[in-house]
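Asker: The structure under discussion is supplied below as structure tokens; questions concerning it will follow.
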Amino acid sequence: MGFSGVTRRTMFNVLSLSCLIYTIGVLIFTVGFLLNRVEISATSGCLATDGQSEATGDQCWIDKRFNKSVIVVIDALRYDFTTPVPDSDLLYHNKLTIFHELSTRYPRRAGLFKFVADPPTTTLQRLKGLTTGSLPTFVDAGSNFAGTEIQEDNLIFQLNSTGHRVVFLGDDTWVNLYNKYFSLSYPFPSFNVKDLHTVDNGINSRLIPDFPGGPDRTLLPELSDSSWDVLIAHYLGVDHCGHRCGPNHPEMASKLSQMNRAVEFIVEGLPEDALLVVIGDHGMTSSGDHGGDSGAELDSAMFVYSPRDFIDEYFVDKLPGAVSQLDFVSTISLLLGLPVPFSNLGSPVYQLLSGPPVPPPSAPWPPHKGPLESLSLTARQIRRYLTLYSVISNDFLPSTLSRLDRLLADCETSLTRVSQSGFQRQQSDDLIAQYQEYLSEVKAMCRDTWAKFDLPYICYGILFAVMASVWTLLVSYVIFLLEYSIVRGRLINSTVQWISVSLAVIFLLIWAIFPLYISPYILFSSYISLIAAVLLVRAMVAILSCYKVSEILRHSLSWKSLVINILAKPSLETYFSFFVLLIYVVSLGGNTFLVQEDKVLPFLYLSLLCVSYLSYINRTQTLLSLKRSEHPREGFRHSNPKSPFYLLLTKVWRVTLLVVCMVGCLRFSTNFNLCREEQYPNCETSPFLDKLSNSSLQPLLSTNSRYFISVCSLVSISASLYFLLRFWGNQNGTTFATLCNRFVLALATVFVAFHWAITASANTDWVAPWQLTVFPLATYVCLFVSMLCLVANPVLLYLERVSTGGISVDVSRDVGPQLFSVLDRSIRYRGAPGAQGGRENGAADPTEAPPSKPMIYGMITGYSAPFVALTWIIYILAALLLGQSVSLPLATSLFHVILTLEYTSVTMATPNDPSVPWPTVVSWFILSSHYFFAFGHQATIPSIRFEAAYIGFHGDWNVYIVPFLLILFNTLASTFIFSVGLPLCITWPFYRRYAPSSGNQGEYQLLRDGDFPSRLFQLISAYILVSSTKLISTMATAAILRRHLMVWKIFAPRFVYEAASFLSSLVVLLLIYPFGVWIDYKLRKFMNRCS
């Protein structure tokens, strides 16, 4: 059944070409859909860029209100952490009370505001917004791994350029962004979310003189030190405690109390001419995560305080309840007398500028003068920004800009009139409203403009993905239906060349027409010309062969018969699997379905399983009827083990039991889903997925019980795969790969269990840093060594040589089948009662093997064993990175995989079919998608587990590829597991059909026929094709609904997750194919050595 005429290299080239086209399509679509705004490097100065001086006296832009400032950032300071809630049972309430106390006691000195962020609520993007006043974009969330120096004008640059001495303590993200602007800095590693105290204690040890255990208490012994003008401290403990324990945890209560004491100390030592500003960069969800746009993530707190009155009594009652984070940079800049950063779009909290400047003027100070001046200066700065941006980009409509210019001109005219009249109260209030209208309209215009999509790129990306799918379908299914293998081979080779021609022409056109705009994103600068030239030369060489193949096809192929063959071959079950897949991908266009996707996938899988089961029962009924007609004397006597009716009914009961177990695994795994924000209050997250030692879990499940269950699940995974390989006979011998399977992987399992034991406590301060990393590192080493040995020698067979006797074979014929036949007879001979080396009549049969002949252990599973061992490695790595909370669904997925393979083997009509049935491929894909949710993930930014980057490592990274890969594997563990285990869909049915008496030689039949690489190629192509339908659907949905209200909350994250999952699957499958070919080669070499 081999696919002769098609070389293995050609099949690998086809797969590589498919992956290349898909990748190009995803990248082009990403450029068109996830746009980033243009960053302008211009800066503000005391002399404005339009030639008008903004200087007033010896000040810059405006008279400053304070000489010094202390800016404290408490990461993830949710607003309700700061407000009193009497009689609350929640542990995070009523711990950080100083803000409310001071704002209530001193209304002219302090103010507490809800501080509303713009999504995405990741720390790096929030810091950029807080210091530049600019709007973030969705694609910025991906850069949270590695911050680079900000090129736009920002608050820290303005402080440095005006001679202010800036001292920084805390989160080292600031150093990556503004390192050269700090006079003094004390950064601490920030990315390790398991570390609750290093950053906070490091700040306190340098800021608070009597802090216990400080390594150096003399650097900043008191706040009255004259060596600083602006002091910035960024605490991380609250954020890390939320990630590790959740908000409602005793550790969070302790951390908030610590922050309360730190703020109290700063307030007590604050100089008279200084302003204290305490802000949170974002909030957190009920699970302690952030990154999305829910209210709990967007609402943080801002608190301002000064030892003197600086808010005019008239404006005390007019203080806003909520402040946008965009407004922070303009407010603090004007309070310190600085130029507002050039890219700022926020409006100042003008009420805070109602007090007199320093030094106080001799004449009475009108309370409306400061607010109106601040609004006017900010509005003129924004107008300069819009003017320059319009020169660089055509994003803004000229008519809209003209209308905004007229509105600002009216405000400036009114300001002149109001200032001449002495800032009358009513006129000033009306003018403030006009300025706020202008600033609000500018902000709304920019939000709408920077949500603009590049529709041609979006269409080109979808077109490339569709083209790749058509190409994959053509090669993997249609072409292999051709009757002539020579025609098939030449046609595939020629099709590859024609695709190369098309890609070369497309690349050349894009490179020639759009070299400046598109090359930085997709074409990687000038290298595209070299790629296009190579593809074009290779394609031209094949033009003649394409012509020859067309002539062969014209004379030898009946297209009518081919179409009939294509339409007639699939069964009803196959058509239903396509229908289920169609329902799945079409439903991705509904936001309700995407929100409830984890609930719908089990229903689709059960529907497919039920139809498959009923189809099998129907086939069995047909066979029973046929057997009755062939054996009328048997009647209904099904109890006879040799009766054909008994065999069929026994098989039906086996299939029924398998279906029941598969349904049980599916239903059990649905209990571990993580709830997303839109599913509340009708959803409850599994207790196993909650933070460790959460107080709400204690009545239900203790930490010790959870650990015991998790370890049992981990052991069941390793034990099942170990005994499976041992049962197959693939654990014999002393090769490195076999020894790793027997000992090293078991040792890695023990290391994972020890790591879970150490990290089971919410507070790991008692553990030395090396103890947190030693077991994960040891696990990585064990897995790497095991994988290296497996790849070097994937043959898990063992030849037992016996000196007595020998085997006579005909060397002129294929040696392998003769060896298998003799060895099989040897096995059966040993089991024959009374066998002594001859036949029953005493005459020796020269073809019979004597009892003690050589044995090859594991021959019938020669292909399955390496893939099972590789899957074992992936499972242990997934257990380490996913953590003990996901061990139960992880073990369930393994048993579900084995049951699916058993079910496929039993229900398959014959394993000799050249391809795996389409229903099996679709079911495999749906299971992969289902266990993405069962492993505790959702297609949202807050569900990303950044703590996976520090499993086995301690400290910050200089190169972010390793943490990125760890987080990627944590997020897409199901994708990697099901991609690596995919070849078992081919090999397992052959193993289960092993029956020497009927001539079925197990997986050796694949080796004998030589068609395993072709089968693997067709299976991988089919799986890629099925997966691509979901990718194309998410791309099309995001494009069509790009103006939908939920596009950035639901559809864009779904596309990002699906693109990452699909591309990761492509990479794995592209590596699995040469690995399968390598196994085939090594098995043939082993058999030749045996002969």
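Every chain in the structure tokens has a letter given in the order shown (A, B, ...), and although residue numbers restart at 1 in each chain, ligands are simply numbered from 1 in the order shown.
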Against segment 315-335 of chain A, which residues of segment 246-295 of chain A fall within 10 Å? For each one I want the closest pair of atoms and the distance in Å (one decimal), counting only C-alpha atoms, rows by chain and increasing residue number, as CSV.

Answerer:
residue,atom,partner,partner_atom,distance
A:Leu275,CA,A:Leu335,CA,8.9
A:Val277,CA,A:Ile332,CA,8.8
A:Ile279,CA,A:Gln325,CA,9.4
A:Gly280,CA,A:Gln325,CA,9.6
A:Asp281,CA,A:Gln325,CA,8.3
A:His282,CA,A:Gln325,CA,9.5

Asker: Got a sec: who's within 12 Å of Asn394 of chain A, counting only C-alpha atoms, leaving out chain neighbours fewer than 4 positions off, as a ChimeraX atom specification?

Answerer: /A:37-38,386-390,398,401,449-450,452

Asker: Taking all heavy atoms for each residue, export the selection above as an mmCIF file, in the first residue's frame.

Answerer:
data_model
loop_
_atom_site.group_PDB
_atom_site.id
_atom_site.type_symbol
_atom_site.label_atom_id
_atom_site.label_comp_id
_atom_site.auth_asym_id
_atom_site.auth_seq_id
_atom_site.Cartn_x
_atom_site.Cartn_y
_atom_site.Cartn_z
ATOM 1 N N ARG A 37 0.615 52.264 16.878
ATOM 2 C CA ARG A 37 0.645 53.662 16.475
ATOM 3 C C ARG A 37 2.078 54.111 16.197
ATOM 4 O O ARG A 37 3.049 53.497 16.655
ATOM 5 C CB ARG A 37 0.039 54.536 17.572
ATOM 6 C CG ARG A 37 0.797 54.517 18.875
ATOM 7 C CD ARG A 37 0.125 55.388 19.926
ATOM 8 N NE ARG A 37 0.826 55.297 21.193
ATOM 9 C CZ ARG A 37 1.891 56.030 21.498
ATOM 10 N NH1 ARG A 37 2.363 56.908 20.630
ATOM 11 N NH2 ARG A 37 2.491 55.892 22.665
ATOM 12 N N VAL A 38 2.198 55.221 15.474
ATOM 13 C CA VAL A 38 3.505 55.784 15.148
ATOM 14 C C VAL A 38 4.035 56.545 16.362
ATOM 15 O O VAL A 38 3.337 57.395 16.924
ATOM 16 C CB VAL A 38 3.403 56.718 13.928
ATOM 17 C CG1 VAL A 38 4.758 57.334 13.618
ATOM 18 C CG2 VAL A 38 2.871 55.956 12.726
ATOM 19 N N LEU A 386 -0.641 66.803 17.555
ATOM 20 C CA LEU A 386 -1.508 66.415 16.452
ATOM 21 C C LEU A 386 -1.006 66.981 15.127
ATOM 22 O O LEU A 386 -1.091 66.319 14.079
ATOM 23 C CB LEU A 386 -2.943 66.879 16.716
ATOM 24 C CG LEU A 386 -3.657 66.254 17.921
ATOM 25 C CD1 LEU A 386 -5.054 66.835 18.062
ATOM 26 C CD2 LEU A 386 -3.717 64.746 17.786
ATOM 27 N N THR A 387 -0.480 68.188 15.169
ATOM 28 C CA THR A 387 0.039 68.796 13.938
ATOM 29 C C THR A 387 1.217 68.010 13.382
ATOM 30 O O THR A 387 1.275 67.709 12.181
ATOM 31 C CB THR A 387 0.456 70.253 14.208
ATOM 32 O OG1 THR A 387 -0.678 70.991 14.705
ATOM 33 C CG2 THR A 387 0.967 70.907 12.936
ATOM 34 N N LEU A 388 2.161 67.669 14.244
ATOM 35 C CA LEU A 388 3.323 66.911 13.778
ATOM 36 C C LEU A 388 2.929 65.497 13.371
ATOM 37 O O LEU A 388 3.447 64.959 12.381
ATOM 38 C CB LEU A 388 4.382 66.860 14.881
ATOM 39 C CG LEU A 388 5.691 66.140 14.523
ATOM 40 C CD1 LEU A 388 6.330 66.762 13.286
ATOM 41 C CD2 LEU A 388 6.670 66.183 15.700
ATOM 42 N N TYR A 389 2.007 64.874 14.093
ATOM 43 C CA TYR A 389 1.570 63.522 13.747
ATOM 44 C C TYR A 389 0.890 63.507 12.379
ATOM 45 O O TYR A 389 1.046 62.549 11.610
ATOM 46 C CB TYR A 389 0.613 62.994 14.810
ATOM 47 C CG TYR A 389 0.368 61.505 14.738
ATOM 48 C CD1 TYR A 389 1.088 60.632 15.530
ATOM 49 C CD2 TYR A 389 -0.585 60.967 13.874
ATOM 50 C CE1 TYR A 389 0.886 59.255 15.472
ATOM 51 C CE2 TYR A 389 -0.799 59.602 13.798
ATOM 52 C CZ TYR A 389 -0.060 58.756 14.599
ATOM 53 O OH TYR A 389 -0.270 57.403 14.527
ATOM 54 N N SER A 390 0.152 64.560 12.064
ATOM 55 C CA SER A 390 -0.520 64.638 10.769
ATOM 56 C C SER A 390 0.474 64.754 9.630
ATOM 57 O O SER A 390 0.189 64.325 8.505
ATOM 58 C CB SER A 390 -1.485 65.833 10.754
ATOM 59 O OG SER A 390 -2.457 65.706 11.759
ATOM 60 N N PRO A 398 -8.513 65.645 7.935
ATOM 61 C CA PRO A 398 -8.299 67.105 7.993
ATOM 62 C C PRO A 398 -9.518 67.848 8.509
ATOM 63 O O PRO A 398 -9.382 68.852 9.212
ATOM 64 C CB PRO A 398 -7.978 67.461 6.533
ATOM 65 C CG PRO A 398 -7.476 66.199 5.921
ATOM 66 C CD PRO A 398 -8.221 65.093 6.601
ATOM 67 N N LEU A 401 -9.535 67.648 12.304
ATOM 68 C CA LEU A 401 -8.494 68.503 12.875
ATOM 69 C C LEU A 401 -8.890 69.974 12.788
ATOM 70 O O LEU A 401 -8.635 70.750 13.733
ATOM 71 C CB LEU A 401 -7.176 68.270 12.143
ATOM 72 C CG LEU A 401 -6.490 66.916 12.388
ATOM 73 C CD1 LEU A 401 -5.240 66.791 11.530
ATOM 74 C CD2 LEU A 401 -6.119 66.754 13.860
ATOM 75 N N THR A 449 -8.998 56.451 15.843
ATOM 76 C CA THR A 449 -8.042 56.412 14.735
ATOM 77 C C THR A 449 -7.073 55.262 14.891
ATOM 78 O O THR A 449 -6.786 54.543 13.924
ATOM 79 C CB THR A 449 -7.271 57.740 14.651
ATOM 80 O OG1 THR A 449 -8.205 58.807 14.435
ATOM 81 C CG2 THR A 449 -6.258 57.701 13.515
ATOM 82 N N TRP A 450 -6.582 55.049 16.085
ATOM 83 C CA TRP A 450 -5.585 54.008 16.281
ATOM 84 C C TRP A 450 -6.201 52.620 16.403
ATOM 85 O O TRP A 450 -5.498 51.639 16.646
ATOM 86 C CB TRP A 450 -4.733 54.329 17.496
ATOM 87 C CG TRP A 450 -3.827 55.493 17.209
ATOM 88 C CD1 TRP A 450 -3.260 55.811 16.017
ATOM 89 C CD2 TRP A 450 -3.427 56.511 18.116
ATOM 90 N NE1 TRP A 450 -2.519 56.953 16.107
ATOM 91 C CE2 TRP A 450 -2.597 57.413 17.405
ATOM 92 C CE3 TRP A 450 -3.661 56.771 19.459
ATOM 93 C CZ2 TRP A 450 -2.013 58.536 17.989
ATOM 94 C CZ3 TRP A 450 -3.095 57.881 20.045
ATOM 95 C CH2 TRP A 450 -2.277 58.749 19.312
ATOM 96 N N LYS A 452 -7.840 51.758 13.693
ATOM 97 C CA LYS A 452 -8.031 51.566 12.258
ATOM 98 C C LYS A 452 -7.203 50.384 11.778
ATOM 99 O O LYS A 452 -6.060 50.211 12.183
ATOM 100 C CB LYS A 452 -7.631 52.832 11.494
ATOM 101 C CG LYS A 452 -8.018 52.790 10.027
ATOM 102 C CD LYS A 452 -7.695 54.103 9.336
ATOM 103 C CE LYS A 452 -6.208 54.272 9.153
ATOM 104 N NZ LYS A 452 -5.869 55.459 8.360
#

Asker: Quick one: residues within 12 Å of Pro360 of chain A, only C-alpha atoms counted, chain neighbours fewer than 5 positions away excluded, as a list in words?

Answerer: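 The contact residues come out as Asp63, Lys64, Arg65, Phe66, Asp273, Phe310, Gly355 and Trp365 of chain A.
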
Asker: Smallest atom-to-atom distance to Gly346 of chain A: which of A:Gly133, A:Gly1010, A:Pro371, A:Pro307, using only C-alpha atoms?

Answerer: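 That would be A:Gly133, the residue with the smallest distance to Gly346 of chain A.
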
Asker: Can you pull out every residue from segment 291-453 of chain A that DSSP, working from the backbone, puts in strand (DSSP E or B), and format the result as a ChimeraX atom specification?

Answerer: /A:299-305,322-324

Asker: Under the rule that only C-alpha atoms are counted, which of A:Tyr863, A:Thr30, A:Leu799, A:Leu1031 is the nearest residue to Met1087 of chain A?

Answerer: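 Looking only at the distances to Met1087 of chain A, the closest residue turns out to be A:Leu799.
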
Asker: Enter the distance from atom CA of Phe579 of chain A to atom CA of Trp924 of chain A, in Å, rounded to one decimal.

Answerer: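 If I compute the distance from atom CA of Phe579 of chain A to atom CA of Trp924 of chain A, I get 15.4 Å.
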
Asker: So what do you get for atom CA of Ile266 of chain A versus atom CA of Leu236 of chain A, distance-wise?

Answerer: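 We find that atom CA of Ile266 of chain A and atom CA of Leu236 of chain A lie 17.4 Å from each other.
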
Asker: Could you jot down the atom CA of Ser254 of chain A to atom CA of Leu772 of chain A separation for me, Å, one decimal place?

Answerer: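 So the answer is 22.7 Å.
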
Asker: Find the spatial neighbours of Val611 of chain A, counting only C-alpha atoms, within a cut-off of 9 Å - ignore same-chain residues fewer than 5 positions away - and output them as a PDB file with N, CA and C atoms, in the first residue's frame.

Answerer:
ATOM      1  N   GLU A 573     -20.065   8.619   8.404  1.00  0.00           N
ATOM      2  CA  GLU A 573     -19.368   9.081   9.596  1.00  0.00           C
ATOM      3  C   GLU A 573     -18.369  10.175   9.266  1.00  0.00           C
ATOM      4  N   PHE A 576     -20.218  13.395   8.628  1.00  0.00           N
ATOM      5  CA  PHE A 576     -20.677  13.995   9.881  1.00  0.00           C
ATOM      6  C   PHE A 576     -19.520  14.665  10.626  1.00  0.00           C
ATOM      7  N   SER A 577     -18.338  14.080  10.581  1.00  0.00           N
ATOM      8  CA  SER A 577     -17.178  14.722  11.224  1.00  0.00           C
ATOM      9  C   SER A 577     -16.872  16.057  10.569  1.00  0.00           C
ATOM     10  N   LEU A 606     -18.801  14.719  22.027  1.00  0.00           N
ATOM     11  CA  LEU A 606     -19.759  13.652  22.319  1.00  0.00           C
ATOM     12  C   LEU A 606     -20.648  13.361  21.117  1.00  0.00           C
ATOM     13  N   TYR A 616     -20.593   2.191  13.997  1.00  0.00           N
ATOM     14  CA  TYR A 616     -19.942   0.898  14.236  1.00  0.00           C
ATOM     15  C   TYR A 616     -20.980  -0.177  14.550  1.00  0.00           C
TER      16      TYR A 616
END

Asker: Could you check the closest approach to Arg1084 of chain A for each of A:Met859, A:Arg105, A:Tyr305, A:Gln427 and tell me which residue wins, using only C-alpha atoms?

Answerer: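 Of the candidates, the smallest distance to Arg1084 of chain A is held by A:Met859.
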
Asker: Ranking A:Ile1024, A:Leu747, A:Ile986, A:Val663 by minimum distance to Ser18 of chain A and counting only C-alpha atoms, which one comes first?

Answerer: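 Result for the nearest residue to Ser18 of chain A: A:Ile1024.
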